[in-house]
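Source file: protein18.txt. Holds: compact mmCIF, C-alpha atoms and all ligand atoms.
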```txt
# COMPACT_ATOMS: atom_id res chain seq x y z
CA MET O 117 128.07 -31.08 -147.67
CA LYS O 118 126.95 -34.62 -146.75
CA ALA O 119 129.05 -36.80 -144.48
CA ALA O 120 128.80 -40.01 -142.42
CA VAL O 121 129.10 -39.19 -138.70
CA LEU O 122 129.64 -41.56 -135.77
CA TYR O 123 127.96 -40.20 -132.60
CA GLU O 124 128.24 -43.26 -130.30
CA PRO O 125 130.07 -46.57 -130.62
CA ASN O 126 127.82 -49.40 -131.84
CA THR O 127 125.26 -47.08 -133.43
CA PRO O 128 124.87 -46.64 -137.21
CA LEU O 129 126.71 -43.80 -138.94
CA VAL O 130 124.37 -40.85 -139.49
CA ILE O 131 124.36 -39.31 -142.97
CA GLU O 132 123.80 -35.58 -142.56
CA ASP O 133 124.71 -32.13 -143.83
CA LEU O 134 127.74 -30.56 -142.17
CA HIS O 135 129.37 -27.18 -142.45
CA ILE O 136 132.94 -27.37 -143.76
CA ASP O 137 135.33 -24.42 -143.38
CA PRO O 138 137.59 -23.31 -146.23
CA PRO O 139 141.15 -24.68 -146.13
CA LYS O 140 143.59 -22.78 -143.89
CA ALA O 141 147.18 -22.06 -144.92
CA GLY O 142 148.91 -25.31 -145.91
CA GLU O 143 145.62 -27.18 -146.33
CA VAL O 144 143.68 -28.53 -149.30
CA LYS O 145 139.96 -29.05 -149.85
CA VAL O 146 139.23 -32.22 -151.81
CA LYS O 147 135.98 -33.20 -153.50
CA VAL O 148 135.91 -36.87 -152.52
CA ALA O 149 135.20 -39.26 -155.41
CA ALA O 150 135.47 -42.65 -153.75
CA ASN O 151 136.40 -44.25 -150.48
CA GLY O 152 137.12 -47.87 -149.54
CA ALA O 153 135.56 -49.54 -146.50
CA CYS O 154 138.52 -50.49 -144.30
CA HIS O 155 138.31 -52.38 -141.01
CA SER O 156 140.06 -49.55 -139.13
CA ASP O 157 136.86 -47.43 -139.39
CA LEU O 158 134.99 -50.44 -137.98
CA HIS O 159 137.34 -50.52 -134.96
CA VAL O 160 136.16 -46.96 -134.20
CA MET O 161 132.49 -47.85 -134.79
CA THR O 162 132.69 -50.76 -132.33
CA GLY O 163 134.64 -48.73 -129.74
CA ASP O 164 137.71 -51.03 -130.00
CA MET O 165 139.67 -47.94 -131.03
CA ARG O 166 138.61 -44.98 -128.86
CA MET O 167 138.30 -41.65 -130.64
CA PRO O 168 136.76 -38.30 -129.73
CA LEU O 169 133.14 -38.24 -131.01
CA PRO O 170 131.17 -37.15 -132.97
CA MET O 171 133.53 -37.91 -135.80
CA VAL O 172 133.40 -38.23 -139.59
CA LEU O 173 135.03 -41.59 -140.43
CA GLY O 174 136.69 -42.71 -143.68
CA HIS O 175 140.40 -42.72 -144.49
CA GLU O 176 140.83 -44.68 -147.78
CA GLY O 177 139.87 -41.94 -150.20
CA ALA O 178 140.66 -40.29 -153.51
CA GLY O 179 139.22 -37.24 -155.19
CA VAL O 180 139.81 -33.96 -156.99
CA VAL O 181 141.31 -30.81 -155.46
CA ALA O 182 138.56 -28.19 -155.09
CA GLU O 183 140.48 -25.38 -153.33
CA VAL O 184 143.94 -24.80 -151.87
CA GLY O 185 144.89 -22.71 -148.84
CA ALA O 186 147.65 -20.11 -148.75
CA GLY O 187 151.14 -21.39 -149.41
CA VAL O 188 150.12 -24.73 -150.97
CA THR O 189 152.44 -25.52 -153.88
CA SER O 190 152.32 -29.29 -154.52
CA VAL O 191 148.72 -29.42 -155.84
CA LYS O 192 146.26 -27.06 -157.53
CA GLU O 193 142.52 -26.99 -158.20
CA GLY O 194 141.51 -29.86 -160.48
CA ASP O 195 144.42 -32.18 -159.60
CA HIS O 196 143.56 -35.78 -158.82
CA VAL O 197 144.77 -36.92 -155.42
CA VAL O 198 144.89 -39.94 -153.14
CA LEU O 199 144.25 -39.03 -149.51
CA SER O 200 147.05 -40.10 -147.19
CA PHE O 201 146.21 -40.45 -143.50
CA ASN O 202 149.80 -39.75 -142.61
CA PRO O 203 150.66 -36.04 -142.33
CA VAL O 204 154.33 -35.42 -142.98
CA CYS O 205 156.30 -32.39 -141.79
CA GLY O 206 159.51 -33.16 -143.70
CA ILE O 207 161.83 -31.83 -140.97
CA CYS O 208 161.32 -33.92 -137.80
CA HIS O 209 163.66 -36.67 -136.52
CA TYR O 210 161.84 -39.42 -138.47
CA CYS O 211 161.12 -37.49 -141.68
CA THR O 212 164.81 -36.62 -141.84
CA GLN O 213 165.68 -40.30 -141.46
CA GLY O 214 163.52 -41.16 -144.50
CA LYS O 215 160.71 -42.62 -142.36
CA PRO O 216 157.89 -40.12 -142.94
CA HIS O 217 155.26 -42.68 -141.85
CA LEU O 218 156.58 -42.16 -138.30
CA CYS O 219 156.46 -38.33 -138.56
CA GLU O 220 156.30 -36.69 -135.15
CA THR O 221 153.47 -34.31 -136.09
CA ARG O 222 151.01 -37.23 -136.07
CA PRO O 223 150.19 -37.99 -132.41
CA LYS O 224 149.59 -34.37 -131.44
CA ALA O 225 146.20 -33.97 -133.05
CA LEU O 226 143.82 -36.91 -132.44
CA GLY O 227 140.55 -36.11 -134.21
CA ALA O 228 141.76 -32.70 -135.37
CA LEU O 229 143.98 -31.35 -138.12
CA LEU O 230 147.60 -30.44 -137.42
CA ASP O 231 146.88 -27.08 -135.76
CA GLY O 232 144.70 -28.89 -133.19
CA THR O 233 141.38 -27.56 -134.56
CA THR O 234 138.68 -29.05 -136.78
CA ARG O 235 137.07 -27.75 -139.99
CA LEU O 236 133.74 -29.58 -139.56
CA ARG O 237 130.65 -28.38 -137.68
CA LYS O 238 126.99 -29.25 -137.19
CA ASN O 239 124.98 -26.28 -135.83
CA ASN O 240 128.16 -24.77 -134.38
CA ASP O 241 129.10 -28.04 -132.60
CA GLU O 242 132.56 -29.33 -133.42
CA ILE O 243 132.81 -32.61 -135.40
CA PHE O 244 136.14 -34.48 -135.38
CA HIS O 245 138.09 -35.81 -138.39
CA PHE O 246 139.14 -39.49 -138.39
CA ALA O 247 142.74 -40.07 -139.40
CA TYR O 248 143.32 -36.52 -140.73
CA THR O 249 141.14 -37.40 -143.72
CA ALA O 250 137.45 -37.88 -142.67
CA SER O 251 136.67 -38.94 -146.20
CA PHE O 252 133.23 -40.53 -145.78
CA ALA O 253 132.12 -37.09 -146.86
CA GLU O 254 131.52 -35.22 -150.08
CA GLU O 255 134.39 -32.89 -149.19
CA ALA O 256 137.45 -33.23 -147.00
CA ILE O 257 140.00 -30.72 -145.72
CA VAL O 258 143.45 -32.27 -145.38
CA HIS O 259 146.99 -31.09 -144.75
CA GLU O 260 148.89 -30.55 -148.01
CA SER O 261 151.12 -33.54 -147.23
CA CYS O 262 147.98 -35.75 -147.17
CA ALA O 263 146.91 -34.79 -150.71
CA ILE O 264 149.10 -36.96 -152.93
CA LYS O 265 148.94 -35.92 -156.58
CA ILE O 266 148.38 -38.86 -158.93
CA ARG O 267 148.10 -39.45 -162.67
CA GLU O 268 144.66 -38.64 -164.06
CA ASP O 269 144.07 -41.80 -166.10
CA VAL O 270 143.55 -43.94 -162.97
CA PRO O 271 139.86 -44.29 -162.07
CA LEU O 272 139.40 -42.65 -158.66
CA ASP O 273 137.31 -45.59 -157.41
CA ARG O 274 140.45 -47.68 -157.83
CA ALA O 275 143.03 -45.09 -156.76
CA CYS O 276 141.34 -44.78 -153.34
CA PHE O 277 142.65 -48.21 -152.26
CA VAL O 278 146.19 -46.92 -152.42
CA GLY O 279 145.08 -44.54 -149.64
CA CYS O 280 145.07 -47.48 -147.23
CA GLY O 281 144.59 -51.19 -148.05
CA THR O 282 146.91 -51.54 -151.03
CA MET O 283 149.62 -49.27 -149.58
CA THR O 284 149.41 -50.87 -146.14
CA GLY O 285 149.41 -54.44 -147.43
CA VAL O 286 151.93 -54.29 -150.27
CA GLY O 287 154.10 -51.94 -148.18
CA ALA O 288 154.09 -54.30 -145.16
CA ALA O 289 155.61 -57.04 -147.34
CA VAL O 290 157.88 -54.96 -149.57
CA ASN O 291 158.92 -52.01 -147.36
CA THR O 292 158.56 -53.12 -143.73
CA ALA O 293 159.41 -56.83 -143.89
CA ASN O 294 161.49 -56.55 -147.07
CA VAL O 295 160.51 -60.07 -148.16
CA GLN O 296 163.34 -61.69 -150.10
CA PRO O 297 162.99 -63.70 -153.34
CA GLY O 298 162.67 -67.45 -152.77
CA SER O 299 161.49 -67.11 -149.17
CA SER O 300 158.50 -68.69 -147.43
CA THR O 301 155.71 -66.42 -146.17
CA VAL O 302 152.45 -66.88 -144.28
CA VAL O 303 149.65 -64.30 -144.04
CA ILE O 304 146.95 -64.70 -141.37
CA GLY O 305 143.83 -62.72 -142.33
CA CYS O 306 142.87 -62.31 -145.99
CA GLY O 307 140.64 -59.24 -145.94
CA GLY O 308 141.22 -56.08 -147.95
CA VAL O 309 144.61 -55.48 -146.31
CA GLY O 310 145.72 -59.14 -146.02
CA LEU O 311 145.11 -59.78 -149.74
CA ASN O 312 147.49 -56.92 -150.43
CA VAL O 313 150.12 -58.39 -148.10
CA ILE O 314 149.72 -61.57 -150.15
CA GLN O 315 150.25 -59.73 -153.44
CA GLY O 316 153.21 -57.88 -151.89
CA CYS O 317 154.83 -61.21 -150.93
CA ALA O 318 154.19 -62.61 -154.42
CA LEU O 319 155.57 -59.41 -155.99
CA ALA O 320 158.73 -59.71 -153.88
CA GLY O 321 159.29 -63.19 -155.32
CA ALA O 322 158.38 -65.33 -152.32
CA ARG O 323 158.45 -69.03 -153.18
CA GLN O 324 155.62 -69.85 -150.81
CA VAL O 325 152.74 -67.53 -149.93
CA ILE O 326 150.52 -69.37 -147.46
CA ALA O 327 147.13 -67.71 -146.86
CA VAL O 328 145.21 -68.38 -143.63
CA ASP O 329 141.57 -67.31 -143.14
CA LEU O 330 138.43 -68.70 -141.51
CA LEU O 331 136.37 -68.02 -144.64
CA ASP O 332 136.84 -70.18 -147.75
CA SER O 333 135.61 -67.27 -149.90
CA LYS O 334 138.58 -65.19 -148.67
CA LEU O 335 140.95 -68.05 -149.45
CA GLU O 336 139.63 -68.06 -153.03
CA PHE O 337 140.43 -64.32 -153.29
CA ALA O 338 143.85 -65.11 -151.79
CA LYS O 339 144.68 -67.43 -154.70
CA THR O 340 143.82 -64.63 -157.15
CA PHE O 341 146.26 -62.35 -155.30
CA GLY O 342 149.14 -64.85 -155.43
CA ALA O 343 148.69 -67.33 -152.57
CA THR O 344 150.42 -70.62 -153.36
CA HIS O 345 148.69 -72.50 -150.50
CA THR O 346 145.57 -71.87 -148.41
CA ILE O 347 144.62 -73.02 -144.92
CA ASN O 348 141.29 -72.66 -143.14
CA PRO O 349 142.04 -72.91 -139.37
CA GLY O 350 138.36 -73.75 -138.81
CA GLN O 351 139.00 -77.02 -140.63
CA ASP O 352 142.72 -77.75 -140.18
CA ASP O 353 145.44 -77.15 -137.59
CA ALA O 354 147.02 -74.07 -139.19
CA PHE O 355 150.29 -74.29 -137.23
CA LYS O 356 150.80 -77.95 -138.15
CA ALA O 357 149.95 -77.25 -141.80
CA VAL O 358 152.46 -74.35 -142.03
CA MET O 359 155.19 -76.47 -140.40
CA GLU O 360 154.54 -79.27 -142.89
CA LEU O 361 154.58 -76.90 -145.87
CA THR O 362 157.86 -75.31 -144.73
CA GLY O 363 159.82 -78.52 -144.08
CA GLY O 364 159.30 -78.23 -140.31
CA ARG O 365 161.04 -74.83 -140.16
CA GLY O 366 158.24 -72.29 -140.05
CA ALA O 367 157.97 -69.34 -142.42
CA ASP O 368 160.77 -66.85 -143.06
CA TYR O 369 158.14 -64.08 -142.87
CA ALA O 370 154.80 -64.22 -141.07
CA PHE O 371 152.16 -61.48 -141.14
CA GLU O 372 149.19 -60.96 -138.84
CA VAL O 373 146.47 -58.93 -140.57
CA ILE O 374 143.49 -59.28 -138.23
CA SER O 375 144.08 -57.98 -134.67
CA THR O 376 143.59 -60.66 -132.05
CA ALA O 377 146.12 -61.73 -129.44
CA LYS O 378 145.63 -65.35 -130.50
CA THR O 379 146.42 -64.73 -134.18
CA ILE O 380 149.45 -62.55 -133.35
CA GLU O 381 150.80 -65.30 -131.08
CA LEU O 382 150.05 -67.86 -133.81
CA ALA O 383 151.87 -65.79 -136.45
CA PHE O 384 154.92 -65.58 -134.16
CA LYS O 385 154.76 -69.34 -133.55
CA MET O 386 154.64 -69.97 -137.32
CA THR O 387 157.77 -67.83 -137.83
CA GLY O 388 160.92 -69.90 -138.36
CA ARG O 389 164.42 -69.39 -136.93
CA GLY O 390 165.87 -66.05 -137.91
CA GLY O 391 162.48 -65.11 -139.30
CA VAL O 392 160.40 -62.02 -138.74
CA CYS O 393 156.77 -61.71 -137.73
CA THR O 394 155.07 -58.47 -138.83
CA VAL O 395 151.91 -57.29 -137.07
CA VAL O 396 149.65 -55.25 -139.35
CA GLY O 397 146.30 -55.65 -137.51
CA VAL O 398 145.22 -52.86 -135.16
CA SER O 399 144.30 -54.42 -131.78
CA PRO O 400 141.61 -53.13 -129.42
CA ASP O 401 142.82 -50.58 -126.83
CA GLY O 402 144.27 -52.43 -123.82
CA ALA O 403 144.99 -55.72 -125.65
CA ARG O 404 148.05 -57.74 -124.57
CA ILE O 405 149.95 -60.66 -126.12
CA SER O 406 151.96 -63.41 -124.46
CA LEU O 407 155.26 -64.65 -125.95
CA ASN O 408 158.07 -66.86 -124.65
CA PRO O 409 161.05 -64.44 -124.50
CA ASN O 410 163.61 -67.24 -124.88
CA ILE O 411 162.45 -67.66 -128.46
CA PHE O 412 163.99 -64.26 -129.25
CA CYS O 413 167.44 -65.30 -128.13
CA LEU O 414 167.48 -69.02 -128.93
CA MET O 415 165.89 -68.80 -132.37
CA GLU O 416 166.67 -65.20 -133.33
CA LYS O 417 163.03 -64.65 -134.18
CA ARG O 418 161.86 -61.05 -134.42
CA ILE O 419 158.47 -59.40 -134.11
CA GLN O 420 157.71 -55.93 -135.47
CA GLY O 421 154.81 -53.71 -136.43
CA SER O 422 154.02 -52.17 -139.80
CA TYR O 423 152.25 -48.81 -139.93
CA TYR O 424 150.77 -47.80 -143.30
CA GLY O 425 153.19 -50.17 -145.06
CA SER O 426 156.09 -47.93 -143.93
CA THR O 427 154.94 -45.61 -146.69
CA ARG O 428 156.75 -42.69 -148.20
CA PRO O 429 153.46 -41.43 -149.62
CA ARG O 430 154.75 -39.20 -152.42
CA ILE O 431 157.02 -41.97 -153.73
CA ASP O 432 155.08 -45.14 -153.04
CA MET O 433 151.50 -44.11 -153.87
CA PRO O 434 152.09 -42.85 -157.44
CA ARG O 435 154.41 -45.82 -157.98
CA LEU O 436 151.74 -48.33 -156.91
CA LEU O 437 149.29 -46.69 -159.31
CA ASP O 438 151.85 -46.95 -162.15
CA MET O 439 152.13 -50.64 -161.31
CA TYR O 440 148.34 -50.98 -161.34
CA MET O 441 148.12 -49.32 -164.77
CA ASP O 442 150.91 -51.64 -166.00
CA LYS O 443 148.93 -54.62 -164.61
CA LYS O 444 151.71 -55.49 -162.17
CA ILE O 445 149.45 -55.21 -159.13
CA LYS O 446 145.76 -55.99 -158.78
CA ILE O 447 143.18 -53.52 -157.52
CA ASP O 448 140.05 -54.27 -159.62
CA GLU O 449 139.86 -57.78 -158.18
CA LEU O 450 139.62 -56.26 -154.69
CA VAL O 451 136.42 -54.35 -155.38
CA SER O 452 133.45 -56.60 -154.73
CA LYS O 453 130.64 -54.11 -154.14
CA THR O 454 129.94 -50.43 -154.77
CA PHE O 455 127.70 -48.35 -152.51
CA ALA O 456 126.46 -44.75 -152.29
CA LEU O 457 127.28 -42.70 -149.17
CA GLU O 458 123.70 -43.25 -147.92
CA GLN O 459 124.46 -47.01 -147.90
CA VAL O 460 127.70 -46.81 -145.92
CA ASN O 461 126.21 -48.80 -143.01
CA GLU O 462 125.33 -51.62 -145.43
CA ALA O 463 128.95 -51.69 -146.62
CA TYR O 464 130.07 -52.16 -143.00
CA ASP O 465 127.44 -54.85 -142.32
CA LEU O 466 129.00 -56.73 -145.23
CA LEU O 467 132.53 -56.19 -143.87
CA LYS O 468 131.42 -57.63 -140.50
CA GLU O 469 129.93 -60.68 -142.25
CA GLY O 470 132.95 -60.95 -144.49
CA SER O 471 131.81 -63.66 -146.85
CA GLY O 472 132.01 -63.02 -150.57
CA VAL O 473 133.50 -59.55 -150.24
CA ALA O 474 137.13 -58.47 -150.47
CA ARG O 475 136.61 -54.71 -150.20
CA SER O 476 133.62 -52.43 -150.77
CA VAL O 477 133.87 -48.96 -152.24
CA ILE O 478 131.67 -45.98 -151.44
CA LYS O 479 131.34 -43.92 -154.62
CA PHE O 480 130.46 -40.23 -154.58
CA PHE O 481 130.77 -39.35 -158.26
N1 LIG O 501 148.93 -51.28 -139.79
C1 LIG O 501 148.22 -50.42 -140.47
O1 LIG O 501 148.72 -49.35 -140.85
C2 LIG O 501 146.82 -50.75 -140.84
C3 LIG O 501 146.18 -50.08 -141.88
C4 LIG O 501 144.89 -50.49 -142.25
C5 LIG O 501 144.24 -51.49 -141.58
N2 LIG O 501 144.88 -52.09 -140.53
C6 LIG O 501 144.24 -53.17 -139.76
O2 LIG O 501 144.41 -54.39 -140.47
C7 LIG O 501 143.40 -55.31 -140.04
C8 LIG O 501 142.73 -55.92 -141.26
O3 LIG O 501 141.97 -54.93 -141.95
P1 LIG O 501 141.01 -55.34 -143.17
O4 LIG O 501 140.37 -54.10 -143.64
O5 LIG O 501 141.74 -56.23 -144.11
O6 LIG O 501 139.92 -56.23 -142.36
P2 LIG O 501 138.93 -57.35 -142.91
O7 LIG O 501 137.82 -57.43 -141.93
O8 LIG O 501 138.61 -57.09 -144.35
O9 LIG O 501 139.83 -58.69 -142.86
C9 LIG O 501 140.04 -59.48 -141.73
C10 LIG O 501 140.11 -60.94 -142.19
O10 LIG O 501 140.48 -61.76 -141.08
C11 LIG O 501 139.72 -62.96 -141.13
N3 LIG O 501 139.70 -63.52 -139.78
C12 LIG O 501 139.06 -63.03 -138.68
N4 LIG O 501 139.35 -63.80 -137.59
C13 LIG O 501 140.20 -64.77 -138.02
C14 LIG O 501 140.87 -65.85 -137.36
N5 LIG O 501 140.73 -66.06 -136.05
N6 LIG O 501 141.69 -66.65 -138.10
C15 LIG O 501 141.84 -66.44 -139.43
N7 LIG O 501 141.22 -65.43 -140.11
C16 LIG O 501 140.42 -64.62 -139.40
C17 LIG O 501 138.37 -62.52 -141.66
O11 LIG O 501 137.64 -63.62 -142.23
C18 LIG O 501 138.78 -61.48 -142.71
O12 LIG O 501 138.97 -62.07 -143.98
C19 LIG O 501 142.45 -54.49 -139.15
O13 LIG O 501 142.80 -54.69 -137.79
C20 LIG O 501 142.76 -53.06 -139.56
O14 LIG O 501 142.42 -52.12 -138.57
C21 LIG O 501 146.14 -51.76 -140.17
ZN ZN O 502 142.55 -48.49 -143.51
ZN ZN O 503 158.01 -35.25 -139.69
```
Go ahead and render the structure in this file as structure tokens.
Ligand SMILES: NC(=O)c1ccc[n+]([C@@H]2O[C@H](COP(=O)([O-])OP(=O)(O)OC[C@H]3O[C@@H](n4cnc5c(N)ncnc54)[C@H](O)[C@@H]3O)[C@@H](O)[C@H]2O)c1
Ligand SMILES: [Zn+2]
Ligand SMILES: [Zn+2]
Amino acid sequence: MKAAVLYEPNTPLVIEDLHIDPPKAGEVKVKVAANGACHSDLHVMTGDMRMPLPMVLGHEGAGVVAEVGAGVTSVKEGDHVVLSFNPVCGICHYCTQGKPHLCETRPKALGALLDGTTRLRKNNDEIFHFAYTASFAEEAIVHESCAIKIREDVPLDRACFVGCGTMTGVGAAVNTANVQPGSSTVVIGCGGVGLNVIQGCALAGARQVIAVDLLDSKLEFAKTFGATHTINPGQDDAFKAVMELTGGRGADYAFEVISTAKTIELAFKMTGRGGVCTVVGVSPDGARISLNPNIFCLMEKRIQGSYYGSTRPRIDMPRLLDMYMDKKIKIDELVSKTFALEQVNEAYDLLKEGSGVARSVIKFF
């Protein structure tokens, strides 16, 4: 089967035929239908996020179950699934607490599946799986907990976004930050994930949703997704503008959805007393931020991270797709361009440029 493989950071992905093993016990083989182009893959391509190579990238996928391994009960051949990059064991400390996104199985298997081995090979050489999904490929083997059964009337080239951007963004606002009705919010970074934070804030009933991005084209998308105000920090002082819009207080909820120290520090600065700053962006390995610790005690400001929108995949993903079908959340408006697998590098060139594109989708069938 064909897949997009990264051999070295800062080189194009190579589209080539790979051998894929059958699913082992507890695993599922999925025929991938579509996959969004998320910035997290780009962090691996640039070497900002170090991973064992060669690796098949892609983690925002959806498809159809082709084969199930022994003992799999939650899906069967022919089922439509969203791929979750968050394996869940159901019995660890965090799963038991109702926080499956923090499941303890996850860190043990970087680049491999949960048993520590891979299912992908090129001429007998091992190829690693990105994010337990490796879905820039015609087929993917995933743990059963990563194959989330969904309703069949959702187009798979829309469902795939729930595999990362939509879940991460809406979940950061609704699950992690728990944005309250009537509150003020600011979102720095209006890419595929940030636009979903914006729609999550709007969905939660925020009175103000202030979008901040260097590209005016992204700010236009932001308005479509529910931004009440937009600020381009290339043209205006974003901190001053947010303070003015919030009566000098700062926002009740701030979100950083890029991944630079400067923008994380800015988001914290824009957070008002008693407010909470949520970091969604994935920073380069070794990055550090600088904050004045007295702000924690004197202003009761908090800073926290959000991983995968604090998802409970089997609850949240089908629910988000119900909301999409009921026109309560937007996904179509996210999809700016469609590419074939052979054009995956072009999709990432566009993501790097940014302008005019919210999210690209790689379509397999
Ligand atoms: N926490 C998670 O679970 C999770 C999941 C998925 C993605 N992410 C991360 O979220 C981040 C965003 O991903 P994405 O796919 O939306 O990326 P993207 O490239 O589509 O969006 C980034 C946006 O930030 C804007 N930007 C860049 N520098 C800026 C600056 N200095 N000031 C204002 N705006 C600026 C860009 O114009 C762009 O619109 C990435 O770091 C990604 O790895 C995190
Ligand atoms: Zn992603
Ligand atoms: Zn667990």
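You will find CA of Lys339 (chain O) at 12.0 Å from CA of Gly310 (chain O).
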Closest atom pairs, residues of chain O within 10 Å of ligand ZN 503 (chain O), all atoms listed in the file, as JSON lines:
```
{"residue": "O:Asn202", "atom": "CA", "partner": "O:ZN503", "partner_atom": "ZN", "distance": 9.8}
{"residue": "O:Pro203", "atom": "CA", "partner": "O:ZN503", "partner_atom": "ZN", "distance": 7.8}
{"residue": "O:Val204", "atom": "CA", "partner": "O:ZN503", "partner_atom": "ZN", "distance": 4.9}
{"residue": "O:Cys205", "atom": "CA", "partner": "O:ZN503", "partner_atom": "ZN", "distance": 3.9}
{"residue": "O:Gly206", "atom": "CA", "partner": "O:ZN503", "partner_atom": "ZN", "distance": 4.8}
{"residue": "O:Ile207", "atom": "CA", "partner": "O:ZN503", "partner_atom": "ZN", "distance": 5.3}
{"residue": "O:Cys208", "atom": "CA", "partner": "O:ZN503", "partner_atom": "ZN", "distance": 4.0}
{"residue": "O:His209", "atom": "CA", "partner": "O:ZN503", "partner_atom": "ZN", "distance": 6.6}
{"residue": "O:Tyr210", "atom": "CA", "partner": "O:ZN503", "partner_atom": "ZN", "distance": 5.8}
{"residue": "O:Cys211", "atom": "CA", "partner": "O:ZN503", "partner_atom": "ZN", "distance": 4.3}
{"residue": "O:Thr212", "atom": "CA", "partner": "O:ZN503", "partner_atom": "ZN", "distance": 7.3}
{"residue": "O:Gln213", "atom": "CA", "partner": "O:ZN503", "partner_atom": "ZN", "distance": 9.4}
{"residue": "O:Gly214", "atom": "CA", "partner": "O:ZN503", "partner_atom": "ZN", "distance": 9.4}
{"residue": "O:Lys215", "atom": "CA", "partner": "O:ZN503", "partner_atom": "ZN", "distance": 8.3}
{"residue": "O:Pro216", "atom": "CA", "partner": "O:ZN503", "partner_atom": "ZN", "distance": 5.9}
{"residue": "O:His217", "atom": "CA", "partner": "O:ZN503", "partner_atom": "ZN", "distance": 8.2}
{"residue": "O:Leu218", "atom": "CA", "partner": "O:ZN503", "partner_atom": "ZN", "distance": 7.2}
{"residue": "O:Cys219", "atom": "CA", "partner": "O:ZN503", "partner_atom": "ZN", "distance": 3.6}
{"residue": "O:Glu220", "atom": "CA", "partner": "O:ZN503", "partner_atom": "ZN", "distance": 5.1}
{"residue": "O:Thr221", "atom": "CA", "partner": "O:ZN503", "partner_atom": "ZN", "distance": 5.9}
{"residue": "O:Arg222", "atom": "CA", "partner": "O:ZN503", "partner_atom": "ZN", "distance": 8.1}
```
**OP:** Could I get the residue neighbourhood of ligand LIG 501 (chain O) at 7 Å, counting only C-alpha atoms and all ligand atoms, as a ChimeraX atom specification?
**Re:** /O:154-156,159,280-281,284,304-310,328-331,334,349,373-375,379,396-399,422-425,467-468,470,474-475
If we count all atoms listed in the file and set the cut-off at 7 Å, which residues sit around region 312-323 of chain O, ignoring sequence neighbours fewer than 5 positions away in its own chain? Please answer as a PDB file with C-alpha atoms, keeping the file's coordinate frame.
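Heads up, here's the output in out-v2.pdb:
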```pdb
ATOM      1  CA  GLY O 281     144.590 -51.190-148.050  1.00  0.00           C
ATOM      2  CA  THR O 282     146.910 -51.540-151.030  1.00  0.00           C
ATOM      3  CA  GLY O 285     149.410 -54.440-147.430  1.00  0.00           C
ATOM      4  CA  VAL O 286     151.930 -54.290-150.270  1.00  0.00           C
ATOM      5  CA  ALA O 288     154.090 -54.300-145.160  1.00  0.00           C
ATOM      6  CA  ALA O 289     155.610 -57.040-147.340  1.00  0.00           C
ATOM      7  CA  VAL O 290     157.880 -54.960-149.570  1.00  0.00           C
ATOM      8  CA  VAL O 295     160.510 -60.070-148.160  1.00  0.00           C
ATOM      9  CA  GLN O 296     163.340 -61.690-150.100  1.00  0.00           C
ATOM     10  CA  PRO O 297     162.990 -63.700-153.340  1.00  0.00           C
ATOM     11  CA  GLY O 298     162.670 -67.450-152.770  1.00  0.00           C
ATOM     12  CA  SER O 299     161.490 -67.110-149.170  1.00  0.00           C
ATOM     13  CA  SER O 300     158.500 -68.690-147.430  1.00  0.00           C
ATOM     14  CA  THR O 301     155.710 -66.420-146.170  1.00  0.00           C
ATOM     15  CA  VAL O 303     149.650 -64.300-144.040  1.00  0.00           C
ATOM     16  CA  PHE O 341     146.260 -62.350-155.300  1.00  0.00           C
ATOM     17  CA  GLY O 342     149.140 -64.850-155.430  1.00  0.00           C
ATOM     18  CA  ALA O 343     148.690 -67.330-152.570  1.00  0.00           C
TER      19      ALA O 343
END
```
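If you measure from each of O:Pro138, O:Gly174, O:Pro434, O:Gly163 to ligand ZN 502 (chain O) using all atoms listed in the file, the closest one turns out to be O:Gly174.
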Subject >> Which of O:Ser261, O:Thr454, O:Ser406, O:Thr249 sits closest to ligand ZN 502 (chain O) [using all atoms listed in the file] >> reply: O:Thr249
Original post:
Neighbours of Leu272 (chain O) within 8 Å (only C-alpha atoms; same-chain residues fewer than 3 positions away dropped), as a list of chain:residue names?
Top reply: O:Ala149, O:Ala150, O:Ala178, O:Gly179, O:Ala275, O:Cys276
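Nearest residue to ligand ZN 502 (chain O), choosing from O:Ala119, O:Ile131, O:Val198, O:Val278 and counting all atoms listed in the file: O:Val278.
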Subject >> Contacts of Gly402 (chain O) at 12 Å (only C-alpha atoms; same-chain gap of 5+ positions) as a list in words >> reply: Gly163, Asp164, Met165, Arg166, Thr376 and Ala377 of chain O
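If all atoms listed in the file are the atoms counted, then among O:Val392, O:Ala327, O:Ala153, O:Leu335 the closest residue to ligand ZN 502 (chain O) is O:Ala153.
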Original post:
So which residues touch Leu414 (chain O) within 10 Å, counting all atoms listed in the file, skipping near sequence neighbours fewer than 5 positions away, as number ranges by chain?
Top reply: O: 389-390, 409
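Interatomic distance, CA of Lys385 (chain O) against CA of Ala338 (chain O): 21.7 Å.
Distance annotation: of O:Leu129, O:Val302, O:Leu158, O:Ala225, the residue with the minimal separation from ligand ZN 502 (chain O) is O:Leu158; atom set is only C-alpha atoms and all ligand atoms.
For the atom pair formed by CA of Lys356 (chain O) and CA of Leu311 (chain O), the distance is 22.3 Å, given to one decimal.
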Original post:
When distances are computed from all atoms listed in the file, which of O:Val197, O:Val473, O:Val188, O:Leu226 shows the smallest separation from Val270 (chain O)?
Top reply: O:Val197
Original post:
Using only C-alpha atoms, what residues lie at most 7 Å away from (152.9, -48.3, -155.1) (file coordinates), given as number ranges by chain?
Top reply: O: 283, 432-437, 439
Original post:
So which residues are close to (141.5, -31.2, -136.5), meaning at most 12 Å away in the file's coordinates with all atoms listed in the file counted, and can you show them as a count of residues only?
Top reply: 38
